[in-house]
Amino acid sequence: MDERIVLNKSYMISKAVAQLLNQRKEKFLIPAEIVANVQENNSLEHAFLVLSKVKYAKIPVLDQDQHFKGLLSLAMITETMLGLTGIDPTRLGRIQVKDVMQTDVPTICPPYEMEEILHLLVDQTFLAVVDEEGVFTGILTRREVMKAVNYLAHDLEKEYTVEKK
Ligand code: AMP
């Protein structure tokens, strides 16, 4: 069989690129067990402490059955603290995460296409991965995908012959 693949611009993404990225796809996922999260019914006071402690800009929001519901950032919380007369931290105890979280976020459900991931990661630093029931299974970060792209940049020509058309 001819192993040679001529990269063809008419592919949505090149077959060779998709193949090499797909080989590392499993490594992209950071499993739910090690992803910091807050519950939708938590108070913003609690969420503020969690976000300050973990030092991530944005984290997933889940319900009590581990379904993915949205994302919460420190900026969303600090905006809530701003009242007409200045900063009022007492508001955080009275408002729940679900009242301020971002809900218009894309999620991905396996089996996902690398092409879809690459498109979505242009605008998001990470993507929430859910199963068919919407249960949160982990995140896929731009950082992990960039590592794979780096590998690809170094190794493409070890596995393929790339010819200029
Ligand atoms: P990184 O690729 O590590 O810079 O992560 C990008 C973004 O993904 C972070 O800013 C967080 O919003 C999110 N993230 C990464 N790892 C975790 C984690 N273990 N728990 C919660 N959020 C995370």
# chains A, B, ... in the order shown; residues from 1 in each chain; ligands from 1

$ residues_around --residues "A:Leu156" --least-positions-apart "4" --cutoff "8 Å" --atoms "only C-alpha atoms" --output "PyMOL selection string"
chain A and resi 16-17+20+152+160

$ closest_atom_pairs --of "chain A" --to "ligand 1" --cutoff "8 Å" --atoms "only C-alpha atoms and all ligand atoms" --output "Markdown table"
| residue | atom | partner | partner_atom_place_in_ligand_line | distance |
| --- | --- | --- | --- | --- |
| A:Ile30 | CA | ligand 1 | 19 (N) | 7.1 |
| A:Ile34 | CA | ligand 1 | 19 (N) | 5.3 |
| A:Val35 | CA | ligand 1 | 20 (N) | 3.4 |
| A:Ala36 | CA | ligand 1 | 20 (N) | 3.8 |
| A:Asn37 | CA | ligand 1 | 21 (C) | 6.2 |
| A:Val54 | CA | ligand 1 | 20 (N) | 7.6 |
| A:Tyr56 | CA | ligand 1 | 10 (O) | 4.7 |
| A:Ala57 | CA | ligand 1 | 10 (O) | 4.8 |
| A:Lys58 | CA | ligand 1 | 12 (O) | 4.0 |
| A:Ile59 | CA | ligand 1 | 22 (N) | 4.7 |
| A:Pro60 | CA | ligand 1 | 21 (C) | 6.9 |
| A:Thr125 | CA | ligand 1 | 6 (C) | 5.1 |
| A:Phe126 | CA | ligand 1 | 8 (O) | 4.9 |
| A:Leu127 | CA | ligand 1 | 8 (O) | 7.9 |
| A:Ile139 | CA | ligand 1 | 14 (N) | 7.3 |
| A:Leu140 | CA | ligand 1 | 8 (O) | 7.8 |
| A:Thr141 | CA | ligand 1 | 2 (O) | 4.9 |
| A:Arg142 | CA | ligand 1 | 2 (O) | 5.6 |
| A:Arg143 | CA | ligand 1 | 2 (O) | 4.1 |
| A:Glu144 | CA | ligand 1 | 2 (O) | 6.5 |

$ residues_around --residues "A:Asp63" --least-positions-apart "2" --cutoff "6 Å" --atoms "only C-alpha atoms" --output "ChimeraX atom specification"
/A:39-40,65-67

$ residues_around --residues "stretch 112-124 of chain A" --least-positions-apart "6" --cutoff "9 Å" --atoms "only C-alpha atoms" --output "list of chain:residue names"
A:Met12, A:Ile13, A:Ala18, A:Leu21, A:Asn22, A:Lys25, A:Pro106, A:Leu140, A:Thr141, A:Arg142, A:Val145

$ write_last_selection --atoms "all heavy atoms" --output "PDB file, in the first residue's frame"
ATOM      1  N   MET A  12     -11.436  19.500   4.938  1.00  0.00           N
ATOM      2  CA  MET A  12     -11.783  20.505   5.934  1.00  0.00           C
ATOM      3  C   MET A  12     -10.568  20.703   6.836  1.00  0.00           C
ATOM      4  O   MET A  12     -10.082  21.775   7.013  1.00  0.00           O
ATOM      5  CB  MET A  12     -12.996  20.064   6.747  1.00  0.00           C
ATOM      6  CG  MET A  12     -14.258  19.974   5.918  1.00  0.00           C
ATOM      7  SD  MET A  12     -14.772  21.581   5.318  1.00  0.00           S
ATOM      8  CE  MET A  12     -15.622  22.161   6.763  1.00  0.00           C
ATOM      9  N   ILE A  13     -10.086  19.603   7.461  1.00  0.00           N
ATOM     10  CA  ILE A  13      -8.693  19.653   7.926  1.00  0.00           C
ATOM     11  C   ILE A  13      -8.029  18.445   7.304  1.00  0.00           C
ATOM     12  O   ILE A  13      -8.691  17.451   6.998  1.00  0.00           O
ATOM     13  CB  ILE A  13      -8.513  19.662   9.474  1.00  0.00           C
ATOM     14  CG1 ILE A  13      -8.993  18.386  10.140  1.00  0.00           C
ATOM     15  CG2 ILE A  13      -9.104  20.893  10.084  1.00  0.00           C
ATOM     16  CD1 ILE A  13      -8.633  18.327  11.622  1.00  0.00           C
ATOM     17  N   ALA A  18      -5.552  15.214  11.043  1.00  0.00           N
ATOM     18  CA  ALA A  18      -6.617  14.647  11.873  1.00  0.00           C
ATOM     19  C   ALA A  18      -6.174  13.322  12.467  1.00  0.00           C
ATOM     20  O   ALA A  18      -6.394  13.040  13.646  1.00  0.00           O
ATOM     21  CB  ALA A  18      -7.886  14.475  11.046  1.00  0.00           C
ATOM     22  N   LEU A  21      -3.550  13.880  15.269  1.00  0.00           N
ATOM     23  CA  LEU A  21      -4.168  14.466  16.471  1.00  0.00           C
ATOM     24  C   LEU A  21      -5.070  13.445  17.159  1.00  0.00           C
ATOM     25  O   LEU A  21      -5.108  13.348  18.386  1.00  0.00           O
ATOM     26  CB  LEU A  21      -4.975  15.723  16.113  1.00  0.00           C
ATOM     27  CG  LEU A  21      -4.163  16.957  15.747  1.00  0.00           C
ATOM     28  CD1 LEU A  21      -5.077  18.104  15.358  1.00  0.00           C
ATOM     29  CD2 LEU A  21      -3.259  17.395  16.900  1.00  0.00           C
ATOM     30  N   ASN A  22      -5.771  12.660  16.352  1.00  0.00           N
ATOM     31  CA  ASN A  22      -6.670  11.658  16.917  1.00  0.00           C
ATOM     32  C   ASN A  22      -5.935  10.626  17.763  1.00  0.00           C
ATOM     33  O   ASN A  22      -6.456  10.150  18.753  1.00  0.00           O
ATOM     34  CB  ASN A  22      -7.461  10.944  15.812  1.00  0.00           C
ATOM     35  CG  ASN A  22      -8.715  11.702  15.488  1.00  0.00           C
ATOM     36  OD1 ASN A  22      -9.316  12.320  16.358  1.00  0.00           O
ATOM     37  ND2 ASN A  22      -9.113  11.685  14.234  1.00  0.00           N
ATOM     38  N   LYS A  25      -5.834  11.917  21.193  1.00  0.00           N
ATOM     39  CA  LYS A  25      -7.098  12.490  21.663  1.00  0.00           C
ATOM     40  C   LYS A  25      -7.408  12.156  23.130  1.00  0.00           C
ATOM     41  O   LYS A  25      -7.854  13.012  23.887  1.00  0.00           O
ATOM     42  CB  LYS A  25      -8.226  11.997  20.751  1.00  0.00           C
ATOM     43  CG  LYS A  25      -9.377  12.931  20.665  1.00  0.00           C
ATOM     44  CD  LYS A  25     -10.173  12.753  19.406  1.00  0.00           C
ATOM     45  CE  LYS A  25     -11.048  11.533  19.424  1.00  0.00           C
ATOM     46  NZ  LYS A  25     -11.959  11.483  18.276  1.00  0.00           N
ATOM     47  N   PRO A 106     -20.581  26.188  24.670  1.00  0.00           N
ATOM     48  CA  PRO A 106     -20.626  24.931  23.919  1.00  0.00           C
ATOM     49  C   PRO A 106     -20.088  23.784  24.769  1.00  0.00           C
ATOM     50  O   PRO A 106     -19.185  23.988  25.587  1.00  0.00           O
ATOM     51  CB  PRO A 106     -19.690  25.199  22.731  1.00  0.00           C
ATOM     52  CG  PRO A 106     -18.765  26.266  23.200  1.00  0.00           C
ATOM     53  CD  PRO A 106     -19.513  27.088  24.200  1.00  0.00           C
ATOM     54  N   LEU A 140     -11.475  19.648  28.222  1.00  0.00           N
ATOM     55  CA  LEU A 140     -10.452  19.550  27.198  1.00  0.00           C
ATOM     56  C   LEU A 140      -9.882  20.952  27.050  1.00  0.00           C
ATOM     57  O   LEU A 140     -10.624  21.894  26.757  1.00  0.00           O
ATOM     58  CB  LEU A 140     -11.211  19.160  25.940  1.00  0.00           C
ATOM     59  CG  LEU A 140     -10.569  18.245  24.961  1.00  0.00           C
ATOM     60  CD1 LEU A 140     -11.643  17.452  24.285  1.00  0.00           C
ATOM     61  CD2 LEU A 140      -9.805  19.064  24.002  1.00  0.00           C
ATOM     62  N   THR A 141      -8.603  21.133  27.325  1.00  0.00           N
ATOM     63  CA  THR A 141      -8.065  22.491  27.349  1.00  0.00           C
ATOM     64  C   THR A 141      -7.271  22.832  26.072  1.00  0.00           C
ATOM     65  O   THR A 141      -6.693  21.958  25.428  1.00  0.00           O
ATOM     66  CB  THR A 141      -7.140  22.725  28.562  1.00  0.00           C
ATOM     67  OG1 THR A 141      -6.018  21.861  28.431  1.00  0.00           O
ATOM     68  CG2 THR A 141      -7.845  22.478  29.877  1.00  0.00           C
ATOM     69  N   ARG A 142      -7.260  24.107  25.781  1.00  0.00           N
ATOM     70  CA  ARG A 142      -6.485  24.605  24.628  1.00  0.00           C
ATOM     71  C   ARG A 142      -5.010  24.240  24.825  1.00  0.00           C
ATOM     72  O   ARG A 142      -4.312  23.875  23.887  1.00  0.00           O
ATOM     73  CB  ARG A 142      -6.648  26.127  24.556  1.00  0.00           C
ATOM     74  CG  ARG A 142      -6.073  26.738  23.329  1.00  0.00           C
ATOM     75  CD  ARG A 142      -6.099  28.240  23.416  1.00  0.00           C
ATOM     76  NE  ARG A 142      -7.411  28.815  23.206  1.00  0.00           N
ATOM     77  CZ  ARG A 142      -7.723  30.079  23.525  1.00  0.00           C
ATOM     78  NH1 ARG A 142      -6.842  30.873  24.070  1.00  0.00           N
ATOM     79  NH2 ARG A 142      -8.931  30.537  23.295  1.00  0.00           N
ATOM     80  N   VAL A 145      -4.304  20.653  23.789  1.00  0.00           N
ATOM     81  CA  VAL A 145      -4.378  20.525  22.332  1.00  0.00           C
ATOM     82  C   VAL A 145      -3.163  21.187  21.685  1.00  0.00           C
ATOM     83  O   VAL A 145      -2.593  20.666  20.728  1.00  0.00           O
ATOM     84  CB  VAL A 145      -5.706  21.100  21.784  1.00  0.00           C
ATOM     85  CG1 VAL A 145      -5.718  21.121  20.260  1.00  0.00           C
ATOM     86  CG2 VAL A 145      -6.888  20.273  22.305  1.00  0.00           C
TER      87      VAL A 145
END

$ closest_residue --among "A:Glu157, A:Arg91, A:Ser43, A:Lys147" --to "A:Lys27" --atoms "only C-alpha atoms"
A:Lys147

$ select_by_dssp --residues "stretch 15-133 of chain A" --states "alpha helix (DSSP H)" --output "ChimeraX atom specification"
/A:15-23,25-28,44-54,74-81,97-100,114-123

$ closest_residue --among "A:Ala148, A:Gln19, A:Ala32, A:Thr90" --to "A:Asp131" --atoms "only C-alpha atoms"
A:Ala32

$ atom_distance --atom1 "atom CA of A:Ala128" --atom2 "atom CA of A:Tyr151"
23.5 Å

$ closest_residue --among "A:Val135, A:Lys158, A:Phe48, A:Val149" --to "A:Glu79" --atoms "only C-alpha atoms"
A:Phe48

$ residues_around --residues "stretch 99-105 of chain A" --least-positions-apart "5" --cutoff "9 Å" --atoms "only C-alpha atoms" --output "VMD selection string"
chain A and resid 40 44 61 69 to 73 76 to 77 80 127 to 128

$ write_last_selection --atoms "N, CA and C atoms" --output "PDB file, in the first residue's frame"
ATOM      1  N   GLU A  40     -24.510  24.537  41.298  1.00  0.00           N
ATOM      2  CA  GLU A  40     -25.354  25.680  40.910  1.00  0.00           C
ATOM      3  C   GLU A  40     -26.067  26.316  42.109  1.00  0.00           C
ATOM      4  N   LEU A  44     -22.683  32.582  46.177  1.00  0.00           N
ATOM      5  CA  LEU A  44     -21.533  33.208  45.511  1.00  0.00           C
ATOM      6  C   LEU A  44     -20.375  33.385  46.487  1.00  0.00           C
ATOM      7  N   VAL A  61     -19.817  24.708  36.350  1.00  0.00           N
ATOM      8  CA  VAL A  61     -20.897  24.654  37.357  1.00  0.00           C
ATOM      9  C   VAL A  61     -21.697  23.375  37.092  1.00  0.00           C
ATOM     10  N   LYS A  69     -23.911  22.542  33.921  1.00  0.00           N
ATOM     11  CA  LYS A  69     -24.927  23.596  33.813  1.00  0.00           C
ATOM     12  C   LYS A  69     -24.387  24.918  33.247  1.00  0.00           C
ATOM     13  N   GLY A  70     -23.081  25.178  33.391  1.00  0.00           N
ATOM     14  CA  GLY A  70     -22.537  26.442  32.892  1.00  0.00           C
ATOM     15  C   GLY A  70     -21.144  26.678  33.426  1.00  0.00           C
ATOM     16  N   LEU A  71     -20.730  27.953  33.337  1.00  0.00           N
ATOM     17  CA  LEU A  71     -19.378  28.321  33.795  1.00  0.00           C
ATOM     18  C   LEU A  71     -19.464  29.520  34.725  1.00  0.00           C
ATOM     19  N   LEU A  72     -18.552  29.562  35.659  1.00  0.00           N
ATOM     20  CA  LEU A  72     -18.518  30.705  36.581  1.00  0.00           C
ATOM     21  C   LEU A  72     -17.102  31.281  36.634  1.00  0.00           C
ATOM     22  N   SER A  73     -17.017  32.606  36.570  1.00  0.00           N
ATOM     23  CA  SER A  73     -15.701  33.260  36.661  1.00  0.00           C
ATOM     24  C   SER A  73     -15.693  34.235  37.836  1.00  0.00           C
ATOM     25  N   MET A  76     -17.580  37.433  37.079  1.00  0.00           N
ATOM     26  CA  MET A  76     -19.046  37.399  37.268  1.00  0.00           C
ATOM     27  C   MET A  76     -19.395  37.677  38.731  1.00  0.00           C
ATOM     28  N   ILE A  77     -18.557  37.208  39.624  1.00  0.00           N
ATOM     29  CA  ILE A  77     -18.818  37.407  41.053  1.00  0.00           C
ATOM     30  C   ILE A  77     -18.533  38.852  41.453  1.00  0.00           C
ATOM     31  N   THR A  80     -21.180  41.231  40.623  1.00  0.00           N
ATOM     32  CA  THR A  80     -22.343  41.145  41.517  1.00  0.00           C
ATOM     33  C   THR A  80     -22.119  41.952  42.799  1.00  0.00           C
ATOM     34  N   LEU A 127     -13.026  23.363  27.038  1.00  0.00           N
ATOM     35  CA  LEU A 127     -14.382  22.920  26.688  1.00  0.00           C
ATOM     36  C   LEU A 127     -14.835  21.868  27.691  1.00  0.00           C
ATOM     37  N   ALA A 128     -16.099  21.939  28.079  1.00  0.00           N
ATOM     38  CA  ALA A 128     -16.645  20.927  28.979  1.00  0.00           C
ATOM     39  C   ALA A 128     -17.055  19.709  28.151  1.00  0.00           C
TER      40      ALA A 128
END

$ select_by_dssp --residues "chain A" --states "strand (DSSP E)" --output "count of residues only"
33

$ closest_residue --among "A:Val162, A:Glu33, A:Val50, A:Phe28" --to "A:Val97" --atoms "only C-alpha atoms"
A:Val50

$ decode --residues "stretch 83-122 of chain A" --atoms "N, CA and C atoms" --output "compact mmCIF listing (two decimals), in the first residue's frame"
# COMPACT_ATOMS: atom_id res chain seq x y z
N GLY A 83 -22.36 47.50 43.96
CA GLY A 83 -23.67 48.11 44.14
C GLY A 83 -23.61 49.57 43.73
N LEU A 84 -24.68 50.29 43.98
CA LEU A 84 -24.71 51.71 43.59
C LEU A 84 -23.76 52.54 44.43
N THR A 85 -23.53 52.05 45.67
CA THR A 85 -22.70 52.86 46.58
C THR A 85 -21.30 52.28 46.77
N GLY A 86 -20.90 51.37 45.90
CA GLY A 86 -19.55 50.80 46.01
C GLY A 86 -19.62 49.28 46.12
N ILE A 87 -18.56 48.70 46.68
CA ILE A 87 -18.49 47.23 46.77
C ILE A 87 -19.24 46.74 48.01
N ASP A 88 -20.16 45.78 47.80
CA ASP A 88 -20.94 45.26 48.91
C ASP A 88 -20.81 43.73 48.96
N PRO A 89 -19.83 43.21 49.70
CA PRO A 89 -19.60 41.76 49.73
C PRO A 89 -20.74 40.98 50.38
N THR A 90 -21.59 41.63 51.14
CA THR A 90 -22.68 40.89 51.81
C THR A 90 -23.68 40.34 50.78
N ARG A 91 -23.72 40.93 49.61
CA ARG A 91 -24.63 40.42 48.55
C ARG A 91 -24.28 38.98 48.17
N LEU A 92 -23.00 38.59 48.31
CA LEU A 92 -22.57 37.27 47.85
C LEU A 92 -23.25 36.12 48.61
N GLY A 93 -23.60 36.36 49.86
CA GLY A 93 -24.25 35.31 50.66
C GLY A 93 -25.70 35.10 50.24
N ARG A 94 -26.28 36.08 49.58
CA ARG A 94 -27.71 36.02 49.23
C ARG A 94 -27.96 35.57 47.79
N ILE A 95 -26.92 35.49 47.00
CA ILE A 95 -27.11 35.14 45.58
C ILE A 95 -26.45 33.79 45.28
N GLN A 96 -27.14 32.99 44.45
CA GLN A 96 -26.60 31.66 44.13
C GLN A 96 -25.85 31.68 42.79
N VAL A 97 -24.99 30.67 42.63
CA VAL A 97 -24.18 30.55 41.42
C VAL A 97 -25.07 30.56 40.18
N LYS A 98 -26.19 29.84 40.22
CA LYS A 98 -27.04 29.74 39.02
C LYS A 98 -27.63 31.08 38.59
N ASP A 99 -27.65 32.07 39.49
CA ASP A 99 -28.20 33.38 39.14
C ASP A 99 -27.25 34.22 38.28
N VAL A 100 -25.97 33.90 38.31
CA VAL A 100 -25.01 34.73 37.55
C VAL A 100 -24.14 33.95 36.56
N MET A 101 -24.23 32.61 36.58
CA MET A 101 -23.31 31.82 35.73
C MET A 101 -23.60 32.04 34.25
N GLN A 102 -22.60 31.72 33.44
CA GLN A 102 -22.74 31.81 31.98
C GLN A 102 -23.31 30.48 31.48
N THR A 103 -24.39 30.55 30.72
CA THR A 103 -25.03 29.28 30.28
C THR A 103 -24.89 29.03 28.77
N ASP A 104 -24.55 30.09 28.02
CA ASP A 104 -24.44 29.90 26.56
C ASP A 104 -23.05 29.39 26.19
N VAL A 105 -22.71 28.21 26.70
CA VAL A 105 -21.37 27.67 26.42
C VAL A 105 -21.48 26.37 25.65
N PRO A 106 -20.58 26.19 24.67
CA PRO A 106 -20.63 24.93 23.92
C PRO A 106 -20.09 23.78 24.77
N THR A 107 -20.67 22.59 24.61
CA THR A 107 -20.12 21.40 25.26
C THR A 107 -19.82 20.39 24.16
N ILE A 108 -18.99 19.42 24.48
CA ILE A 108 -18.74 18.39 23.48
C ILE A 108 -19.03 17.02 24.08
N CYS A 109 -19.50 16.14 23.22
CA CYS A 109 -19.92 14.81 23.65
C CYS A 109 -19.21 13.79 22.76
N PRO A 110 -18.47 12.84 23.35
CA PRO A 110 -17.75 11.87 22.52
C PRO A 110 -18.73 11.00 21.71
N PRO A 111 -18.36 10.53 20.52
CA PRO A 111 -17.06 10.73 19.88
C PRO A 111 -17.02 12.09 19.17
N TYR A 112 -16.02 12.91 19.52
CA TYR A 112 -15.96 14.23 18.90
C TYR A 112 -14.90 14.27 17.81
N GLU A 113 -15.12 15.18 16.90
CA GLU A 113 -14.18 15.35 15.78
C GLU A 113 -13.14 16.39 16.16
N MET A 114 -11.88 16.13 15.79
CA MET A 114 -10.82 17.10 16.08
C MET A 114 -11.11 18.45 15.44
N GLU A 115 -11.74 18.41 14.29
CA GLU A 115 -12.04 19.65 13.59
C GLU A 115 -12.94 20.56 14.43
N GLU A 116 -13.94 19.92 15.02
CA GLU A 116 -14.90 20.65 15.88
C GLU A 116 -14.16 21.26 17.08
N ILE A 117 -13.28 20.45 17.68
CA ILE A 117 -12.53 20.91 18.85
C ILE A 117 -11.66 22.12 18.50
N LEU A 118 -10.95 22.01 17.38
CA LEU A 118 -10.05 23.10 16.98
C LEU A 118 -10.82 24.40 16.76
N HIS A 119 -11.99 24.29 16.15
CA HIS A 119 -12.82 25.47 15.93
C HIS A 119 -13.26 26.09 17.25
N LEU A 120 -13.75 25.26 18.14
CA LEU A 120 -14.30 25.77 19.40
C LEU A 120 -13.21 26.36 20.29
N LEU A 121 -12.00 25.77 20.23
CA LEU A 121 -10.93 26.26 21.11
C LEU A 121 -10.31 27.58 20.64
N VAL A 122 -10.74 28.06 19.49
CA VAL A 122 -10.28 29.39 19.07
C VAL A 122 -10.82 30.43 20.05
